[in-house]
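Peer 1: Coordinates in structure-v8.cif, mmCIF, C-alpha atoms and all ligand atoms, are listed below.
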```
data_model
loop_
_atom_site.label_atom_id
_atom_site.label_comp_id
_atom_site.auth_asym_id
_atom_site.auth_seq_id
_atom_site.Cartn_x
_atom_site.Cartn_y
_atom_site.Cartn_z
CA MET A 1 -15.93 5.95 10.11
CA ILE A 2 -15.14 3.15 7.62
CA THR A 3 -11.49 2.28 7.00
CA ILE A 4 -10.66 0.97 3.53
CA ALA A 5 -7.32 -0.69 2.65
CA LEU A 6 -6.43 0.19 -0.92
CA PRO A 7 -3.69 -1.69 -2.78
CA LYS A 8 -1.04 0.69 -4.09
CA GLY A 9 -0.21 0.43 -7.79
CA ARG A 10 -2.04 -0.63 -10.93
CA LEU A 11 -4.85 -2.52 -9.22
CA GLY A 12 -5.26 0.30 -6.69
CA ASP A 13 -5.80 2.86 -9.45
CA LYS A 14 -8.68 0.79 -10.82
CA VAL A 15 -10.15 0.25 -7.37
CA TYR A 16 -9.90 3.93 -6.57
CA HIS A 17 -11.61 4.83 -9.84
CA LEU A 18 -14.49 2.47 -8.99
CA LEU A 19 -14.82 3.83 -5.43
CA ASP A 20 -14.80 7.37 -6.79
CA GLN A 21 -17.57 6.53 -9.27
CA ALA A 22 -19.55 4.96 -6.45
CA GLY A 23 -19.32 8.23 -4.49
CA TYR A 24 -16.48 7.23 -2.16
CA GLY A 25 -13.63 9.22 -3.72
CA PHE A 26 -11.32 11.40 -1.62
CA THR A 27 -12.17 15.06 -1.80
CA ALA A 28 -8.50 16.07 -2.09
CA MET A 29 -6.91 13.35 -4.20
CA GLU A 30 -4.31 15.77 -5.67
CA ASP A 31 -2.86 16.45 -2.21
CA VAL A 32 -2.19 12.79 -1.35
CA GLY A 33 1.55 12.91 -2.18
CA ARG A 34 3.37 10.21 -0.19
CA LYS A 35 0.74 9.97 2.55
CA LEU A 36 -0.27 6.45 3.53
CA VAL A 37 -3.33 7.34 5.59
CA ILE A 38 -5.94 9.70 4.22
CA ASP A 39 -8.98 10.83 6.16
CA ASP A 40 -12.04 12.20 4.49
CA GLN A 41 -13.88 13.78 7.42
CA GLU A 42 -16.82 14.81 5.32
CA LYS A 43 -17.51 11.30 4.00
CA GLN A 44 -16.32 9.64 7.22
CA ILE A 45 -13.89 7.40 5.37
CA ARG A 46 -10.25 6.61 6.10
CA TYR A 47 -8.09 5.15 3.34
CA LEU A 48 -4.94 3.14 4.00
CA LEU A 49 -2.57 2.82 1.05
CA VAL A 50 -0.83 -0.53 1.48
CA LYS A 51 1.14 -3.07 -0.55
CA PRO A 52 -1.37 -5.29 -2.41
CA VAL A 53 0.07 -8.38 -0.71
CA ASP A 54 -0.69 -6.89 2.75
CA VAL A 55 -4.35 -5.92 2.20
CA ALA A 56 -5.78 -9.18 3.58
CA VAL A 57 -3.69 -8.86 6.77
CA TYR A 58 -4.96 -5.34 7.51
CA VAL A 59 -8.55 -6.48 6.99
CA GLU A 60 -8.24 -9.74 8.95
CA LYS A 61 -6.71 -7.94 11.95
CA GLY A 62 -9.42 -5.26 11.86
CA VAL A 63 -7.10 -2.31 11.19
CA ALA A 64 -9.16 -1.87 8.02
CA ASP A 65 -12.87 -2.73 7.80
CA ILE A 66 -12.75 -3.32 4.07
CA GLY A 67 -10.10 -4.00 1.47
CA VAL A 68 -9.63 -4.94 -2.14
CA CYS A 69 -7.11 -7.51 -3.27
CA GLY A 70 -6.68 -10.35 -5.74
CA LYS A 71 -8.07 -13.81 -5.02
CA ASP A 72 -4.42 -15.01 -5.05
CA ILE A 73 -3.62 -12.84 -2.02
CA ILE A 74 -6.66 -14.12 -0.10
CA GLU A 75 -5.74 -17.75 -0.81
CA GLU A 76 -2.03 -17.34 -0.13
CA SER A 77 -2.53 -15.46 3.16
CA GLY A 78 -5.29 -17.79 4.37
CA ALA A 79 -6.84 -14.68 5.96
CA ASP A 80 -10.11 -15.25 7.80
CA VAL A 81 -12.25 -12.56 6.11
CA PHE A 82 -15.58 -12.33 4.31
CA GLU A 83 -15.26 -12.15 0.54
CA LEU A 84 -18.28 -10.06 -0.45
CA LEU A 85 -17.85 -9.11 -4.08
CA ASP A 86 -16.00 -10.07 -7.24
CA LEU A 87 -15.12 -6.72 -8.82
CA GLY A 88 -14.51 -8.38 -12.19
CA PHE A 89 -11.21 -6.71 -13.03
CA GLY A 90 -7.59 -7.72 -12.49
CA ARG A 91 -8.42 -11.03 -14.16
CA CYS A 92 -5.66 -13.60 -14.49
CA SER A 93 -4.99 -17.17 -13.38
CA MET A 94 -2.66 -19.20 -11.21
CA ALA A 95 -0.92 -21.88 -13.21
CA VAL A 96 1.80 -24.48 -13.25
CA ALA A 97 4.21 -23.86 -16.12
CA ALA A 98 7.33 -25.59 -17.39
CA PRO A 99 9.82 -25.34 -20.25
CA GLU A 100 8.32 -26.35 -23.61
CA GLY A 101 8.67 -30.13 -24.06
CA PHE A 102 9.14 -30.78 -20.31
CA GLN A 103 8.60 -34.45 -19.41
CA GLU A 104 7.83 -35.01 -15.76
CA ASN A 105 9.51 -37.91 -14.01
CA PRO A 106 6.97 -39.10 -11.41
CA ARG A 107 9.67 -41.00 -9.47
CA LYS A 108 11.64 -37.83 -8.81
CA ARG A 109 10.75 -35.11 -6.33
CA LEU A 110 9.47 -32.13 -8.34
CA ARG A 111 11.26 -28.80 -7.84
CA VAL A 112 8.87 -25.86 -7.86
CA ALA A 113 9.69 -22.13 -7.87
CA THR A 114 7.00 -19.76 -6.66
CA LYS A 115 6.04 -16.57 -4.88
CA PHE A 116 2.89 -18.37 -3.70
CA GLU A 117 4.29 -21.11 -1.53
CA ASN A 118 1.08 -21.92 0.37
CA ILE A 119 -0.98 -22.18 -2.81
CA ALA A 120 1.70 -24.32 -4.46
CA ARG A 121 2.06 -26.61 -1.42
CA GLU A 122 -1.68 -27.16 -1.28
CA TYR A 123 -1.84 -27.85 -5.01
CA TYR A 124 0.78 -30.61 -4.86
CA SER A 125 -0.28 -32.04 -1.51
CA LYS A 126 -3.86 -32.49 -2.83
CA ARG A 127 -2.37 -34.48 -5.70
CA GLY A 128 -0.05 -36.48 -3.43
CA ARG A 129 2.96 -35.27 -5.43
CA ASP A 130 6.31 -35.12 -3.67
CA ALA A 131 7.62 -31.62 -4.27
CA GLU A 132 10.26 -29.20 -3.02
CA PHE A 133 9.50 -25.48 -3.03
CA ILE A 134 11.91 -22.66 -3.73
CA HIS A 135 10.57 -19.27 -2.75
CA LEU A 136 11.43 -16.42 -5.11
CA ASN A 137 10.17 -12.84 -5.00
CA GLY A 138 9.91 -12.10 -8.71
CA SER A 139 10.97 -13.09 -12.24
CA ILE A 140 9.85 -16.61 -11.30
CA GLU A 141 10.06 -17.68 -14.95
CA LEU A 142 13.85 -17.58 -14.73
CA ALA A 143 14.00 -20.58 -12.37
CA PRO A 144 13.22 -23.40 -14.84
CA VAL A 145 15.03 -21.60 -17.67
CA LEU A 146 18.25 -21.68 -15.63
CA GLY A 147 17.66 -25.18 -14.20
CA LEU A 148 16.97 -24.02 -10.63
CA THR A 149 13.61 -25.83 -10.67
CA ASP A 150 11.54 -28.05 -12.96
CA VAL A 151 8.36 -25.98 -12.93
CA ILE A 152 6.87 -22.76 -11.59
CA VAL A 153 3.57 -21.93 -9.94
CA ASP A 154 2.79 -18.36 -10.87
CA ILE A 155 0.31 -15.85 -12.21
CA VAL A 156 -0.41 -15.84 -15.92
CA GLU A 157 -2.19 -12.85 -17.35
CA THR A 158 -1.50 -12.36 -21.06
CA GLY A 159 0.94 -15.31 -21.28
CA THR A 160 3.63 -13.08 -22.79
CA THR A 161 6.24 -13.67 -20.08
CA LEU A 162 5.87 -17.45 -20.46
CA LYS A 163 6.04 -17.28 -24.24
CA GLU A 164 9.09 -15.05 -24.34
CA ASN A 165 10.93 -17.42 -22.00
CA HIS A 166 9.87 -20.59 -23.87
CA LEU A 167 7.65 -21.86 -21.09
CA THR A 168 4.22 -23.38 -21.44
CA VAL A 169 1.19 -23.78 -19.16
CA ILE A 170 0.72 -27.30 -17.80
CA ASP A 171 -2.30 -26.63 -15.59
CA ARG A 172 -4.31 -23.46 -15.08
CA PHE A 173 -5.96 -24.13 -11.73
CA MET A 174 -7.28 -20.90 -10.17
CA ASP A 175 -9.26 -17.99 -11.59
CA ILE A 176 -8.13 -14.72 -10.07
CA SER A 177 -9.80 -11.30 -10.01
CA ALA A 178 -10.07 -8.40 -7.57
CA ARG A 179 -12.32 -9.15 -4.58
CA LEU A 180 -13.85 -6.92 -1.95
CA ILE A 181 -13.08 -8.36 1.48
CA VAL A 182 -14.52 -7.38 4.83
CA ASN A 183 -13.42 -7.88 8.42
CA ARG A 184 -15.77 -10.29 10.20
CA SER A 185 -16.59 -8.14 13.21
CA SER A 186 -16.79 -4.90 11.16
CA TYR A 187 -19.42 -6.61 9.06
CA ARG A 188 -21.48 -7.14 12.18
CA PHE A 189 -20.98 -3.75 13.82
CA LYS A 190 -20.93 -1.50 10.73
CA GLU A 191 -23.36 -3.55 8.69
CA LYS A 192 -25.39 -0.59 7.42
CA GLU A 193 -22.44 1.49 6.13
CA ILE A 194 -20.77 -1.54 4.60
CA SER A 195 -23.94 -2.79 2.88
CA THR A 196 -24.55 0.68 1.42
CA LEU A 197 -21.00 0.75 0.01
CA VAL A 198 -21.31 -2.78 -1.39
CA ASP A 199 -24.66 -1.96 -3.04
CA ARG A 200 -23.21 1.19 -4.63
CA LEU A 201 -20.23 -0.79 -5.96
CA LYS A 202 -22.55 -3.46 -7.35
CA GLU A 203 -24.51 -0.78 -9.21
CA GLU A 204 -21.30 0.66 -10.68
CA ILE A 205 -20.01 -2.77 -11.72
CA SER A 206 -23.29 -3.60 -13.47
CA ILE A 207 -23.21 -0.25 -15.35
CA ASP A 208 -19.67 -1.01 -16.61
C1 LIG A 301 3.62 -11.27 -12.91
C2 LIG A 301 3.78 -12.77 -12.87
C3 LIG A 301 4.36 -13.07 -14.23
C4 LIG A 301 3.73 -12.01 -15.12
C5 LIG A 301 2.61 -12.60 -15.91
O1 LIG A 301 4.84 -10.69 -12.61
O2 LIG A 301 4.61 -13.19 -11.80
O3 LIG A 301 5.76 -12.94 -14.21
O4 LIG A 301 3.22 -10.98 -14.24
O5 LIG A 301 2.05 -11.68 -16.80
P1 LIG A 301 1.83 -12.01 -18.33
O6 LIG A 301 1.18 -13.36 -18.45
O7 LIG A 301 0.91 -10.91 -18.82
O8 LIG A 301 3.17 -11.95 -19.02
P2 LIG A 301 4.99 -9.18 -12.20
O9 LIG A 301 4.78 -8.30 -13.38
O10 LIG A 301 4.11 -8.90 -11.03
O11 LIG A 301 6.51 -9.07 -11.79
P3 LIG A 301 7.46 -10.02 -10.91
O12 LIG A 301 8.20 -10.88 -11.89
O13 LIG A 301 8.34 -9.08 -10.20
O14 LIG A 301 6.62 -10.84 -9.98
#
```
Take the structure I supplied and represent it as structure tokens, if you would.
Peer 2:
Amino acid sequence: MITIALPKGRLGDKVYHLLDQAGYGFTAMEDVGRKLVIDDQEKQIRYLLVKPVDVAVYVEKGVADIGVCGKDIIEESGADVFELLDLGFGRCSMAVAAPEGFQENPRKRLRVATKFENIAREYYSKRGRDAEFIHLNGSIELAPVLGLTDVIVDIVETGTTLKENHLTVIDRFMDISARLIVNRSSYRFKEKEISTLVDRLKEEISID
């Protein structure tokens, strides 16, 4: 049996659609309800419906053999997994943004609001920039608008949230899209099943 961690929500719907097209759909999707574990005995697949941010953890620890999550989640979690495929959807970027007209004072410690503290820390430490990080769980754009921080490190997709809050991108530094990740030992012990699934997904992606 292969266990697949699916991210619940918008990204999950797209992933599920792709898996279904590739022949890995659940036979009784309508009956899922609030279930978080779904077994398809016939196809020998178990699906785990998890928060997108937790997918990499389930795969790294081997509870799931395979998972799909954004590149941002892989980088932020630092999970030790194989990244086998770029699924090409869920495209966005990680960026530093600040209020329009923001002038950085290099002598002052920079205050940064973010949901992605590890990514942000690495970004500034690589550049040798003294920075202080304030972890927020959402509506990150509010922080510089209200003077809580100078800048944010966050996801930009259409740019609408930034624009409507009078913020502007200073540096777009990471391309994000949905990636198929695999547990290291599963890849060794279930190589045949996993390779078949990956090949089927590749075919579907190239058709789209
Ligand atoms: C994300 C991100 C930005 C927004 C970017 O937030 O944190 O706020 O989407 O999208 P845009 O460039 O298309 O406007 P999300 O919708 O996940 O909500 P959150 O504020 O609760 O994190």
Peer 1: If you take every atom of ligand LIG 301 (chain A) that the file lists and fit an axis-aligned box around them with 3 Å extra on each side, what centre and edge lengths come out in Å to one decimal, as JSON?
Peer 2:
```
{"center_x": 4.6, "center_y": -10.8, "center_z": -14.5, "size_x": 13.4, "size_y": 11.1, "size_z": 15.0}
```
Peer 1: Find the nearest atom pair between each residue of chain A and ligand LIG 301 (chain A) for residues within 10 Å, count all atoms listed in the file, give distances in Å to one decimal, sort rows by chain and ascending number, and present the table as a tab-separated table.
Peer 2:
```
residue	atom	partner	partner_atom	distance
A:Cys92	CA	A:LIG301	O6	7.9
A:Ser93	CA	A:LIG301	O6	8.8
A:Met94	CA	A:LIG301	C2	9.3
A:Thr114	CA	A:LIG301	O2	8.7
A:Lys115	CA	A:LIG301	O14	7.7
A:Phe116	CA	A:LIG301	O2	9.8
A:Leu136	CA	A:LIG301	O14	8.8
A:Asn137	CA	A:LIG301	O14	6.4
A:Gly138	CA	A:LIG301	O13	3.7
A:Ser139	CA	A:LIG301	O12	3.6
A:Ile140	CA	A:LIG301	O12	6.0
A:Glu141	CA	A:LIG301	O3	6.4
A:Leu142	CA	A:LIG301	O12	9.2
A:Ile152	CA	A:LIG301	O2	9.8
A:Val153	CA	A:LIG301	O2	9.0
A:Asp154	CA	A:LIG301	O2	5.6
A:Ile155	CA	A:LIG301	C2	4.7
A:Val156	CA	A:LIG301	O6	3.9
A:Glu157	CA	A:LIG301	O6	3.6
A:Thr158	CA	A:LIG301	O7	3.6
A:Gly159	CA	A:LIG301	O6	3.4
A:Thr160	CA	A:LIG301	O8	4.0
A:Thr161	CA	A:LIG301	O8	3.7
A:Leu162	CA	A:LIG301	O8	6.3
A:Lys163	CA	A:LIG301	O8	8.0
A:Glu164	CA	A:LIG301	O8	8.5
A:Asn165	CA	A:LIG301	O8	10.0
```
Peer 1: Record the distance separating CA of Glu204 (chain A) and CA of Leu36 (chain A), expressed in Å with one decimal.
Peer 2: 26.0 Å
Peer 1: For Asp54 (chain A), which residue out of A:Asp150, A:Glu42, A:Glu76, A:Glu191 is the nearest one, using all atoms listed in the file?
Peer 2: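 Smallest distance to Asp54 (chain A) is found for A:Glu76.
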Peer 1: Quick one: pull the distance between CA of Gln44 (chain A) and CA of Phe26 (chain A), Å, one decimal.
Peer 2: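 So the two atoms, CA of Gln44 (chain A) and CA of Phe26 (chain A), lie 10.3 Å apart.
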Peer 1: Quick one: pull the distance between CA of Tyr47 (chain A) and CA of Lys35 (chain A), Å, one decimal.
Peer 2: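 So the two atoms, CA of Tyr47 (chain A) and CA of Lys35 (chain A), lie 10.1 Å apart.
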Peer 1: Restricting the calculation to all atoms listed in the file, which member of A:Pro144, A:Gly23, A:Pro99, A:Gly67 is positioned closest to Pro52 (chain A)?
Peer 2: A:Gly67
Peer 1: Within 9 Å of (-11.2, -0.5, -7.0) (coordinates as in the file), grab all the protein and nucleic acid residues, counting only C-alpha atoms, and write them out as a VMD selection string.
Peer 2: chain A and resid 6 to 7 11 to 20 68 to 69 87 89 178 180
Peer 1: Excluding Lys108 (chain A) and residues on its chain fewer than 4 positions from it, collect all residues at most 9 Å away from it, counting only C-alpha atoms, and give them as number ranges by chain.
Peer 2: A: 104, 130-131
Peer 1: Residues within 9 Å of Ile194 (chain A), please, as a list of chain:residue names. Count all atoms listed in the file; anything in the same chain fewer than 3 positions from it doesn't count.
Peer 2: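 Everything that qualifies: A:Ile2, A:Asp65, A:Ile66, A:Val182, A:Ser186, A:Tyr187, A:Lys190, A:Glu191, A:Leu197, A:Val198, A:Asp199.
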Peer 1: Write out as a ChimeraX atom specification which residues come within 7 Å of Ala97 (chain A) when counting only C-alpha atoms, dropping same-chain ones fewer than 6 positions away.
Peer 2: /A:151-153,167-170
Peer 1: Using the atoms already present, construct N, CA and C atoms for region 74-94 of chain A and hand them back as a short mmCIF file (atom, residue, chain, number, x, y, z; two decimals), in the frame of the given file.
Peer 2:
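Below you can see selection.cif, which holds the result:
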```cif
data_model
loop_
_atom_site.label_atom_id
_atom_site.label_comp_id
_atom_site.auth_asym_id
_atom_site.auth_seq_id
_atom_site.Cartn_x
_atom_site.Cartn_y
_atom_site.Cartn_z
N ILE A 74 -5.77 -13.55 -1.13
CA ILE A 74 -6.66 -14.12 -0.10
C ILE A 74 -6.26 -15.58 0.15
N GLU A 75 -6.07 -16.32 -0.93
CA GLU A 75 -5.74 -17.75 -0.81
C GLU A 75 -4.36 -17.94 -0.18
N GLU A 76 -3.40 -17.16 -0.62
CA GLU A 76 -2.03 -17.34 -0.13
C GLU A 76 -1.92 -16.98 1.35
N SER A 77 -2.63 -15.91 1.76
CA SER A 77 -2.53 -15.46 3.16
C SER A 77 -3.36 -16.35 4.08
N GLY A 78 -4.39 -16.98 3.53
CA GLY A 78 -5.29 -17.79 4.37
C GLY A 78 -6.08 -16.91 5.34
N ALA A 79 -6.19 -15.61 5.04
CA ALA A 79 -6.84 -14.68 5.96
C ALA A 79 -8.32 -15.05 6.17
N ASP A 80 -8.73 -14.92 7.44
CA ASP A 80 -10.11 -15.25 7.80
C ASP A 80 -10.97 -13.98 7.64
N VAL A 81 -11.46 -13.76 6.42
CA VAL A 81 -12.25 -12.56 6.11
C VAL A 81 -13.46 -12.97 5.29
N PHE A 82 -14.45 -12.08 5.22
CA PHE A 82 -15.58 -12.33 4.31
C PHE A 82 -15.20 -11.81 2.93
N GLU A 83 -15.49 -12.61 1.91
CA GLU A 83 -15.26 -12.15 0.54
C GLU A 83 -16.64 -11.78 0.00
N LEU A 84 -16.90 -10.48 -0.15
CA LEU A 84 -18.28 -10.06 -0.45
C LEU A 84 -18.58 -9.84 -1.93
N LEU A 85 -17.56 -9.51 -2.69
CA LEU A 85 -17.85 -9.11 -4.08
C LEU A 85 -16.67 -9.39 -5.00
N ASP A 86 -17.00 -9.92 -6.18
CA ASP A 86 -16.00 -10.07 -7.24
C ASP A 86 -16.09 -8.81 -8.09
N LEU A 87 -15.04 -8.00 -8.11
CA LEU A 87 -15.12 -6.72 -8.82
C LEU A 87 -14.94 -6.89 -10.33
N GLY A 88 -14.53 -8.07 -10.75
CA GLY A 88 -14.51 -8.38 -12.19
C GLY A 88 -13.30 -7.87 -12.96
N PHE A 89 -12.41 -7.11 -12.30
CA PHE A 89 -11.21 -6.71 -13.03
C PHE A 89 -9.97 -7.33 -12.38
N GLY A 90 -8.81 -7.08 -12.99
CA GLY A 90 -7.59 -7.72 -12.49
C GLY A 90 -7.63 -9.23 -12.75
N ARG A 91 -8.27 -9.60 -13.87
CA ARG A 91 -8.42 -11.03 -14.16
C ARG A 91 -7.12 -11.67 -14.64
N CYS A 92 -6.80 -12.81 -14.06
CA CYS A 92 -5.66 -13.60 -14.49
C CYS A 92 -5.83 -14.99 -13.86
N SER A 93 -4.85 -15.86 -14.02
CA SER A 93 -4.99 -17.17 -13.38
C SER A 93 -3.70 -17.61 -12.72
N MET A 94 -3.83 -18.57 -11.83
CA MET A 94 -2.66 -19.20 -11.21
C MET A 94 -2.44 -20.48 -12.00
#
```
